[in-house]
Amino acid sequence: MKLLYCDETNFEKSSGDFFVYGGISIDGNSAEDFSNEIEALRTRMKIPRDYVLKFNPGPAGLSHEEFIALKKGVIELTAKFQAKLLVNLLSHDIASSSQEARRFGVNTLCFHFDCLLNRVKTPGLVLIDRFEDKKIVGCCRFRGHQSKLLKLSQSLSD
């Protein structure tokens, strides 16, 4: 099974700026090892446990060079685990709201993830950060392994 972890940046609508919605796809069998190696990198680089690993801004007390090394280490691990990056860029001038921009991004990423899953003939699961949009719930559907995903979805909502 493939996993797709999604998140956005530039959520606040600003004319001339881009809403960026991206996801990292990784084989579910290697997700735990990938996570463990990210944690080991954080430990080696003395990244505080409460720091949310983002590409900007860096954690307090880390020099610019150390922050570059941290980002380089994350990218190297991503390549090592053959993760795939899916990204959607949308001008805030096109979308009527940030929620609409997210809907477009989710739709685009899910479409391309579905294409990837069809090529490699495997099921997948999409994990979306900050999922508050009621309009998007109706767009979600189960394909292929319906009963397993439906049971997982029901157990997560209980």
# chains A, B, ... in the order shown; residues from 1 in each chain; ligands from 1
$ residues_around --residues "segment 52-69 of chain A" --least-positions-apart "3" --cutoff "12 Å" --atoms "only C-alpha atoms" --output "mmCIF file with C-alpha atoms, in the first residue's frame"
data_model
loop_
_atom_site.group_PDB
_atom_site.id
_atom_site.type_symbol
_atom_site.label_atom_id
_atom_site.label_comp_id
_atom_site.auth_asym_id
_atom_site.auth_seq_id
_atom_site.Cartn_x
_atom_site.Cartn_y
_atom_site.Cartn_z
ATOM 1 C CA ASP A 7 0.005 19.605 3.572
ATOM 2 C CA GLU A 8 -0.191 23.168 2.304
ATOM 3 C CA THR A 9 1.699 26.410 2.515
ATOM 4 C CA ASN A 10 0.786 30.031 1.762
ATOM 5 C CA ILE A 38 13.971 11.298 10.348
ATOM 6 C CA GLU A 39 13.888 11.061 14.168
ATOM 7 C CA LEU A 41 18.460 12.905 12.029
ATOM 8 C CA ARG A 42 16.617 15.209 14.426
ATOM 9 C CA ARG A 44 21.919 14.005 15.617
ATOM 10 C CA MET A 45 21.181 17.633 14.755
ATOM 11 C CA LYS A 46 19.840 18.338 18.285
ATOM 12 C CA ILE A 47 16.463 19.519 16.978
ATOM 13 C CA PRO A 48 14.081 20.222 19.892
ATOM 14 C CA ARG A 49 11.254 17.679 20.267
ATOM 15 C CA LYS A 72 19.591 18.392 2.927
ATOM 16 C CA GLY A 73 19.418 15.387 5.277
ATOM 17 C CA VAL A 74 15.618 15.238 4.987
ATOM 18 C CA ILE A 75 15.840 15.366 1.176
ATOM 19 C CA GLU A 76 18.502 12.627 1.134
#
$ residues_around --residues "His92 of chain A" --least-positions-apart "5" --cutoff "12 Å" --atoms "only C-alpha atoms" --output "NGL selection string"
:A and (9-20 or 97-102 or 104-105)
$ select_by_dssp --residues "segment 10-132 of chain A" --states "alpha helix (DSSP H)" --output "VMD selection string"
chain A and resid 31 to 44 64 to 80 98 to 120
$ closest_residue --among "A:Leu116, A:Leu125, A:Ala40, A:Cys6" --to "Leu77 of chain A" --atoms "only C-alpha atoms"
A:Ala40
$ atom_distance --atom1 "atom CA of Phe81 of chain A" --atom2 "atom CA of Asp129 of chain A"
21.7 Å
$ closest_residue --among "A:Thr78, A:Gly22, A:Thr43, A:Phe34" --to "Val106 of chain A" --atoms "only C-alpha atoms"
A:Gly22
